[in-house]
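**Student:** protein-v7.cif is reproduced in full below (mmCIF, N, CA and C atoms).
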```cif
data_input
loop_
_atom_site.label_atom_id
_atom_site.label_comp_id
_atom_site.auth_asym_id
_atom_site.auth_seq_id
_atom_site.Cartn_x
_atom_site.Cartn_y
_atom_site.Cartn_z
N MET A 1 20.99 5.20 248.93
CA MET A 1 21.05 3.91 248.27
C MET A 1 21.08 4.14 246.77
N ILE A 2 21.93 3.42 246.08
CA ILE A 2 22.03 3.53 244.63
C ILE A 2 20.86 2.77 244.02
N ASN A 3 20.15 3.43 243.15
CA ASN A 3 19.01 2.81 242.49
C ASN A 3 19.48 2.15 241.20
N CYS A 4 19.61 0.84 241.22
CA CYS A 4 20.05 0.13 240.03
C CYS A 4 19.38 -1.23 239.97
N ASP A 5 19.44 -1.84 238.83
CA ASP A 5 18.88 -3.17 238.63
C ASP A 5 19.74 -4.16 239.42
N ILE A 6 19.14 -4.79 240.43
CA ILE A 6 19.89 -5.67 241.33
C ILE A 6 20.47 -6.86 240.59
N SER A 7 19.83 -7.29 239.50
CA SER A 7 20.37 -8.45 238.77
C SER A 7 21.72 -8.12 238.15
N ILE A 8 21.92 -6.86 237.76
CA ILE A 8 23.22 -6.46 237.21
C ILE A 8 24.27 -6.46 238.32
N ALA A 9 23.92 -5.90 239.47
CA ALA A 9 24.87 -5.85 240.58
C ALA A 9 25.22 -7.25 241.06
N ARG A 10 24.27 -8.16 241.04
CA ARG A 10 24.50 -9.51 241.53
C ARG A 10 25.48 -10.28 240.65
N LYS A 11 25.74 -9.84 239.43
CA LYS A 11 26.71 -10.50 238.57
C LYS A 11 28.13 -10.32 239.12
N PHE A 12 28.33 -9.32 239.97
CA PHE A 12 29.66 -9.01 240.48
C PHE A 12 29.87 -9.47 241.91
N ILE A 13 28.83 -9.97 242.55
CA ILE A 13 28.90 -10.35 243.96
C ILE A 13 28.37 -11.77 244.11
N LEU A 14 29.09 -12.58 244.84
CA LEU A 14 28.61 -13.94 245.12
C LEU A 14 27.38 -13.86 246.02
N ASP A 15 26.50 -14.85 245.91
CA ASP A 15 25.25 -14.83 246.67
C ASP A 15 25.49 -14.71 248.17
N ASP A 16 26.45 -15.47 248.71
CA ASP A 16 26.67 -15.40 250.15
C ASP A 16 27.23 -14.05 250.57
N GLU A 17 28.05 -13.41 249.73
CA GLU A 17 28.56 -12.08 250.03
C GLU A 17 27.42 -11.05 250.01
N TYR A 18 26.54 -11.20 249.03
CA TYR A 18 25.40 -10.31 248.94
C TYR A 18 24.51 -10.44 250.18
N LEU A 19 24.22 -11.67 250.58
CA LEU A 19 23.35 -11.89 251.74
C LEU A 19 23.96 -11.35 253.02
N LYS A 20 25.27 -11.52 253.20
CA LYS A 20 25.95 -10.97 254.37
C LYS A 20 25.88 -9.44 254.38
N ALA A 21 26.14 -8.84 253.23
CA ALA A 21 26.10 -7.38 253.13
C ALA A 21 24.68 -6.87 253.35
N ARG A 22 23.70 -7.55 252.80
CA ARG A 22 22.30 -7.14 252.96
C ARG A 22 21.89 -7.24 254.43
N LYS A 23 22.32 -8.29 255.11
CA LYS A 23 21.99 -8.45 256.52
C LYS A 23 22.62 -7.32 257.34
N LYS A 24 23.86 -6.97 257.05
CA LYS A 24 24.52 -5.86 257.74
C LYS A 24 23.78 -4.55 257.50
N ALA A 25 23.39 -4.32 256.25
CA ALA A 25 22.68 -3.08 255.91
C ALA A 25 21.33 -3.02 256.62
N ASP A 26 20.61 -4.14 256.64
CA ASP A 26 19.31 -4.17 257.33
C ASP A 26 19.47 -3.94 258.82
N THR A 27 20.50 -4.53 259.41
CA THR A 27 20.76 -4.33 260.84
C THR A 27 21.11 -2.88 261.13
N ALA A 28 21.94 -2.28 260.29
CA ALA A 28 22.31 -0.87 260.47
C ALA A 28 21.08 0.02 260.36
N LEU A 29 20.20 -0.25 259.42
CA LEU A 29 18.98 0.54 259.26
C LEU A 29 18.09 0.39 260.49
N ASP A 30 17.96 -0.81 261.01
CA ASP A 30 17.18 -1.03 262.23
C ASP A 30 17.76 -0.25 263.40
N HIS A 31 19.09 -0.28 263.54
CA HIS A 31 19.74 0.47 264.62
C HIS A 31 19.46 1.97 264.47
N LEU A 32 19.52 2.47 263.25
CA LEU A 32 19.26 3.88 263.00
C LEU A 32 17.82 4.23 263.35
N LYS A 33 16.88 3.46 262.87
CA LYS A 33 15.47 3.73 263.12
C LYS A 33 15.12 3.64 264.60
N ASN A 34 15.69 2.65 265.29
CA ASN A 34 15.36 2.41 266.70
C ASN A 34 16.30 3.09 267.68
N LYS A 35 17.33 3.76 267.15
CA LYS A 35 18.33 4.45 267.97
C LYS A 35 18.96 3.50 268.99
N THR A 36 19.42 2.36 268.51
CA THR A 36 19.95 1.35 269.41
C THR A 36 21.42 1.02 269.17
N GLY A 37 22.00 1.46 268.09
CA GLY A 37 23.36 1.08 267.76
C GLY A 37 24.40 1.97 268.40
N PRO A 38 25.66 1.67 268.18
CA PRO A 38 26.74 2.51 268.68
C PRO A 38 26.59 3.93 268.14
N GLY A 39 26.76 4.91 269.01
CA GLY A 39 26.62 6.31 268.61
C GLY A 39 25.18 6.79 268.58
N SER A 40 24.26 6.00 269.12
CA SER A 40 22.84 6.37 269.05
C SER A 40 22.54 7.67 269.78
N GLU A 41 23.42 8.06 270.70
CA GLU A 41 23.21 9.33 271.41
C GLU A 41 23.36 10.54 270.49
N TRP A 42 23.86 10.33 269.29
CA TRP A 42 24.05 11.41 268.31
C TRP A 42 22.93 11.47 267.28
N LEU A 43 21.84 10.76 267.51
CA LEU A 43 20.77 10.70 266.51
C LEU A 43 19.61 11.64 266.80
N GLY A 44 19.81 12.60 267.67
CA GLY A 44 18.75 13.56 268.00
C GLY A 44 18.27 14.35 266.80
N TRP A 45 19.11 14.52 265.81
CA TRP A 45 18.74 15.26 264.60
C TRP A 45 17.55 14.63 263.90
N ARG A 46 17.32 13.34 264.12
CA ARG A 46 16.20 12.67 263.46
C ARG A 46 14.86 13.13 264.00
N ASP A 47 14.83 13.76 265.17
CA ASP A 47 13.57 14.18 265.80
C ASP A 47 13.28 15.67 265.62
N LEU A 48 14.17 16.40 264.95
CA LEU A 48 14.01 17.85 264.86
C LEU A 48 12.66 18.27 264.26
N LEU A 49 12.23 17.63 263.21
CA LEU A 49 10.97 18.02 262.58
C LEU A 49 9.76 17.47 263.33
N ALA A 50 9.90 16.29 263.91
CA ALA A 50 8.78 15.68 264.62
C ALA A 50 8.53 16.34 265.97
N ASP A 51 9.58 16.82 266.61
CA ASP A 51 9.46 17.41 267.95
C ASP A 51 10.38 18.63 268.05
N PRO A 52 10.04 19.72 267.34
CA PRO A 52 10.94 20.89 267.33
C PRO A 52 11.00 21.58 268.69
N ASN A 53 12.16 22.13 269.00
CA ASN A 53 12.36 22.90 270.23
C ASN A 53 12.17 24.37 269.86
N ASP A 54 10.97 24.88 270.10
CA ASP A 54 10.63 26.25 269.68
C ASP A 54 11.53 27.29 270.31
N ALA A 55 11.91 27.10 271.58
CA ALA A 55 12.79 28.06 272.25
C ALA A 55 14.15 28.10 271.58
N GLU A 56 14.68 26.95 271.22
CA GLU A 56 15.98 26.90 270.56
C GLU A 56 15.91 27.50 269.16
N LEU A 57 14.82 27.22 268.44
CA LEU A 57 14.66 27.79 267.11
C LEU A 57 14.55 29.31 267.18
N GLU A 58 13.87 29.84 268.18
CA GLU A 58 13.77 31.29 268.34
C GLU A 58 15.13 31.89 268.69
N GLN A 59 15.90 31.19 269.52
CA GLN A 59 17.24 31.67 269.87
C GLN A 59 18.12 31.73 268.62
N ILE A 60 18.04 30.74 267.76
CA ILE A 60 18.82 30.72 266.52
C ILE A 60 18.37 31.86 265.62
N SER A 61 17.06 32.05 265.48
CA SER A 61 16.54 33.14 264.65
C SER A 61 16.96 34.50 265.18
N SER A 62 16.93 34.66 266.49
CA SER A 62 17.34 35.92 267.10
C SER A 62 18.82 36.20 266.85
N LEU A 63 19.65 35.18 266.99
CA LEU A 63 21.07 35.34 266.72
C LEU A 63 21.31 35.68 265.25
N GLY A 64 20.55 35.06 264.35
CA GLY A 64 20.67 35.37 262.93
C GLY A 64 20.32 36.82 262.64
N ARG A 65 19.24 37.31 263.26
CA ARG A 65 18.86 38.73 263.07
C ARG A 65 19.95 39.65 263.58
N GLU A 66 20.54 39.31 264.72
CA GLU A 66 21.60 40.13 265.30
C GLU A 66 22.84 40.16 264.40
N ILE A 67 23.22 39.02 263.87
CA ILE A 67 24.38 38.96 262.97
C ILE A 67 24.12 39.78 261.71
N ARG A 68 22.93 39.62 261.11
CA ARG A 68 22.60 40.37 259.90
C ARG A 68 22.63 41.88 260.16
N ALA A 69 22.21 42.29 261.35
CA ALA A 69 22.17 43.72 261.68
C ALA A 69 23.55 44.30 261.97
N LYS A 70 24.45 43.51 262.55
CA LYS A 70 25.73 44.03 263.02
C LYS A 70 26.92 43.72 262.12
N ALA A 71 26.84 42.69 261.31
CA ALA A 71 28.02 42.24 260.57
C ALA A 71 27.95 42.61 259.10
N ASP A 72 29.09 43.04 258.56
CA ASP A 72 29.21 43.26 257.12
C ASP A 72 29.74 42.02 256.42
N VAL A 73 30.58 41.27 257.14
CA VAL A 73 31.21 40.07 256.59
C VAL A 73 31.14 38.97 257.64
N PHE A 74 30.85 37.76 257.20
CA PHE A 74 30.80 36.60 258.08
C PHE A 74 31.75 35.57 257.50
N ILE A 75 32.73 35.12 258.29
CA ILE A 75 33.73 34.17 257.80
C ILE A 75 33.47 32.80 258.41
N VAL A 76 33.30 31.81 257.54
CA VAL A 76 33.13 30.43 257.96
C VAL A 76 34.48 29.75 257.81
N CYS A 77 35.04 29.28 258.92
CA CYS A 77 36.36 28.64 258.91
C CYS A 77 36.22 27.14 259.11
N GLY A 78 37.09 26.39 258.48
CA GLY A 78 37.11 24.95 258.66
C GLY A 78 37.77 24.29 257.48
N ILE A 79 37.90 22.98 257.57
CA ILE A 79 38.51 22.21 256.50
C ILE A 79 37.51 21.13 256.10
N GLY A 80 37.32 20.95 254.81
CA GLY A 80 36.43 19.89 254.32
C GLY A 80 35.01 20.05 254.81
N GLY A 81 34.49 19.03 255.44
CA GLY A 81 33.11 19.05 255.92
C GLY A 81 32.84 20.10 256.97
N SER A 82 33.88 20.59 257.63
CA SER A 82 33.70 21.60 258.65
C SER A 82 33.22 22.92 258.08
N TYR A 83 33.45 23.14 256.80
CA TYR A 83 32.88 24.35 256.19
C TYR A 83 31.97 24.01 255.01
N LEU A 84 32.16 22.87 254.39
CA LEU A 84 31.34 22.53 253.22
C LEU A 84 29.89 22.27 253.60
N GLY A 85 29.65 21.69 254.77
CA GLY A 85 28.27 21.49 255.22
C GLY A 85 27.57 22.81 255.42
N ALA A 86 28.27 23.75 256.07
CA ALA A 86 27.70 25.09 256.28
C ALA A 86 27.46 25.77 254.94
N LYS A 87 28.41 25.64 254.03
CA LYS A 87 28.27 26.26 252.70
C LYS A 87 27.07 25.69 251.96
N ALA A 88 26.88 24.39 252.02
CA ALA A 88 25.76 23.76 251.32
C ALA A 88 24.43 24.26 251.86
N VAL A 89 24.30 24.35 253.17
CA VAL A 89 23.04 24.81 253.76
C VAL A 89 22.82 26.28 253.46
N ILE A 90 23.87 27.10 253.61
CA ILE A 90 23.74 28.53 253.32
C ILE A 90 23.36 28.74 251.86
N ASP A 91 24.02 28.04 250.95
CA ASP A 91 23.70 28.16 249.52
C ASP A 91 22.26 27.73 249.23
N ALA A 92 21.82 26.65 249.87
CA ALA A 92 20.47 26.14 249.63
C ALA A 92 19.40 27.10 250.15
N LEU A 93 19.68 27.78 251.25
CA LEU A 93 18.67 28.64 251.86
C LEU A 93 18.77 30.10 251.44
N SER A 94 19.79 30.45 250.68
CA SER A 94 19.99 31.84 250.27
C SER A 94 19.26 32.11 248.95
N PRO A 95 18.82 33.36 248.76
CA PRO A 95 18.21 33.70 247.48
C PRO A 95 19.24 33.59 246.36
N HIS A 96 18.79 33.23 245.18
CA HIS A 96 19.71 33.05 244.05
C HIS A 96 20.34 34.37 243.62
N PHE A 97 19.59 35.46 243.73
CA PHE A 97 20.10 36.76 243.31
C PHE A 97 19.95 37.74 244.46
N GLY A 98 21.00 38.45 244.73
CA GLY A 98 20.97 39.42 245.82
C GLY A 98 21.22 38.75 247.16
N SER A 99 21.27 39.55 248.19
CA SER A 99 21.56 39.04 249.52
C SER A 99 20.83 39.89 250.53
N ASN A 100 20.43 39.28 251.61
CA ASN A 100 19.78 40.03 252.68
C ASN A 100 20.58 39.97 253.97
N GLY A 101 21.88 39.87 253.84
CA GLY A 101 22.71 39.77 255.02
C GLY A 101 24.16 40.07 254.69
N PRO A 102 25.03 39.76 255.62
CA PRO A 102 26.46 40.04 255.39
C PRO A 102 27.04 39.17 254.29
N GLU A 103 28.12 39.65 253.71
CA GLU A 103 28.86 38.83 252.74
C GLU A 103 29.43 37.64 253.49
N ILE A 104 29.36 36.46 252.89
CA ILE A 104 29.87 35.26 253.55
C ILE A 104 31.11 34.79 252.81
N LEU A 105 32.20 34.67 253.55
CA LEU A 105 33.46 34.18 253.00
C LEU A 105 33.76 32.82 253.63
N TYR A 106 34.31 31.93 252.83
CA TYR A 106 34.63 30.58 253.30
C TYR A 106 36.15 30.42 253.33
N ALA A 107 36.70 30.31 254.51
CA ALA A 107 38.13 30.09 254.69
C ALA A 107 38.30 28.62 255.04
N GLY A 108 38.34 27.78 254.03
CA GLY A 108 38.39 26.37 254.33
C GLY A 108 39.27 25.56 253.43
N HIS A 109 39.82 26.17 252.40
CA HIS A 109 40.69 25.39 251.51
C HIS A 109 42.07 25.21 252.13
N HIS A 110 42.58 26.26 252.70
CA HIS A 110 43.89 26.25 253.34
C HIS A 110 43.79 27.13 254.59
N ILE A 111 44.63 26.88 255.53
CA ILE A 111 44.63 27.70 256.73
C ILE A 111 45.89 28.57 256.77
N GLY A 112 46.75 28.44 255.78
CA GLY A 112 48.00 29.20 255.75
C GLY A 112 47.79 30.69 255.59
N GLY A 113 48.78 31.46 256.00
CA GLY A 113 48.71 32.91 255.94
C GLY A 113 48.59 33.45 254.53
N LYS A 114 49.29 32.86 253.57
CA LYS A 114 49.24 33.35 252.19
C LYS A 114 47.81 33.26 251.64
N TYR A 115 47.15 32.15 251.90
CA TYR A 115 45.76 31.98 251.47
C TYR A 115 44.86 33.00 252.16
N SER A 116 45.00 33.12 253.46
CA SER A 116 44.14 34.03 254.24
C SER A 116 44.34 35.48 253.84
N ASN A 117 45.57 35.86 253.48
CA ASN A 117 45.85 37.25 253.09
C ASN A 117 45.25 37.60 251.72
N SER A 118 44.84 36.59 250.95
CA SER A 118 44.27 36.86 249.63
C SER A 118 42.89 37.48 249.73
N TYR A 119 42.28 37.43 250.90
CA TYR A 119 40.98 38.07 251.10
C TYR A 119 41.22 39.55 251.19
#
```
Can you turn what I pasted into structure tokens?
**Tutor:**
Amino acid sequence: MINCDISIARKFILDDEYLKARKKADTALDHLKNKTGPGSEWLGWRDLLADPNDAELEQISSLGREIRAKADVFIVCGIGGSYLGAKAVIDALSPHFGSNGPEILYAGHHIGGKYSNSY
């Protein structure tokens, strides 16, 4: 949500338009919190911290250890969010200086051969 003075924003929106938009936003938030709206089956991520699956977390950690031990280079492929989300998380969780794992390359700007051969 953008944090701004609502009186300034209201100068650009008619009252009835604002009330309709606010009602839609409140309804969407209720659906998200209560997991009742369309696509609610995809909201399991909201419970990860409250009810972690220890077996799954150990499986992920084990796979990470195996990759770090066996791989020199790890290539993340995708376009847009398919690789940018992974890049954001990897960047956030990686040490600022040095590395404790394989080099990570992101093949996500283009999928063409000329781009791929530049590696």
**Student:** What is the distance, in Å and to one decimal place, between atom C of Asn34 in chain A and atom C of Pro52 in chain A?
**Tutor:**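 Going from atom C of Asn34 in chain A over to atom C of Pro52 in chain A, I get 19.3 Å.
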**Student:** For atom C of Leu105 in chain A and atom N of Leu93 in chain A, quote the distance in Å rounded to one decimal.
**Tutor:**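 Atom-to-atom, atom C of Leu105 in chain A and atom N of Leu93 in chain A are spaced 15.1 Å apart.
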**Student:** Determine the residue membership of the PyMOL selection byres ((chain A and resi 73) around 6.5) for the file above and supply it as a PyMOL selection string.
**Tutor:** chain A and resi 71-72+74-75+102-105
**Student:** Which one is closest to Cys77 in chain A: A:Gly64, A:Pro95, A:Gly101, A:Gly108? Count all atoms listed in the file.
**Tutor:** A:Gly108
**Student:** Residues of chain A in helix (DSSP H, G or I) according to DSSP, as a count of residues only?
**Tutor:** 67
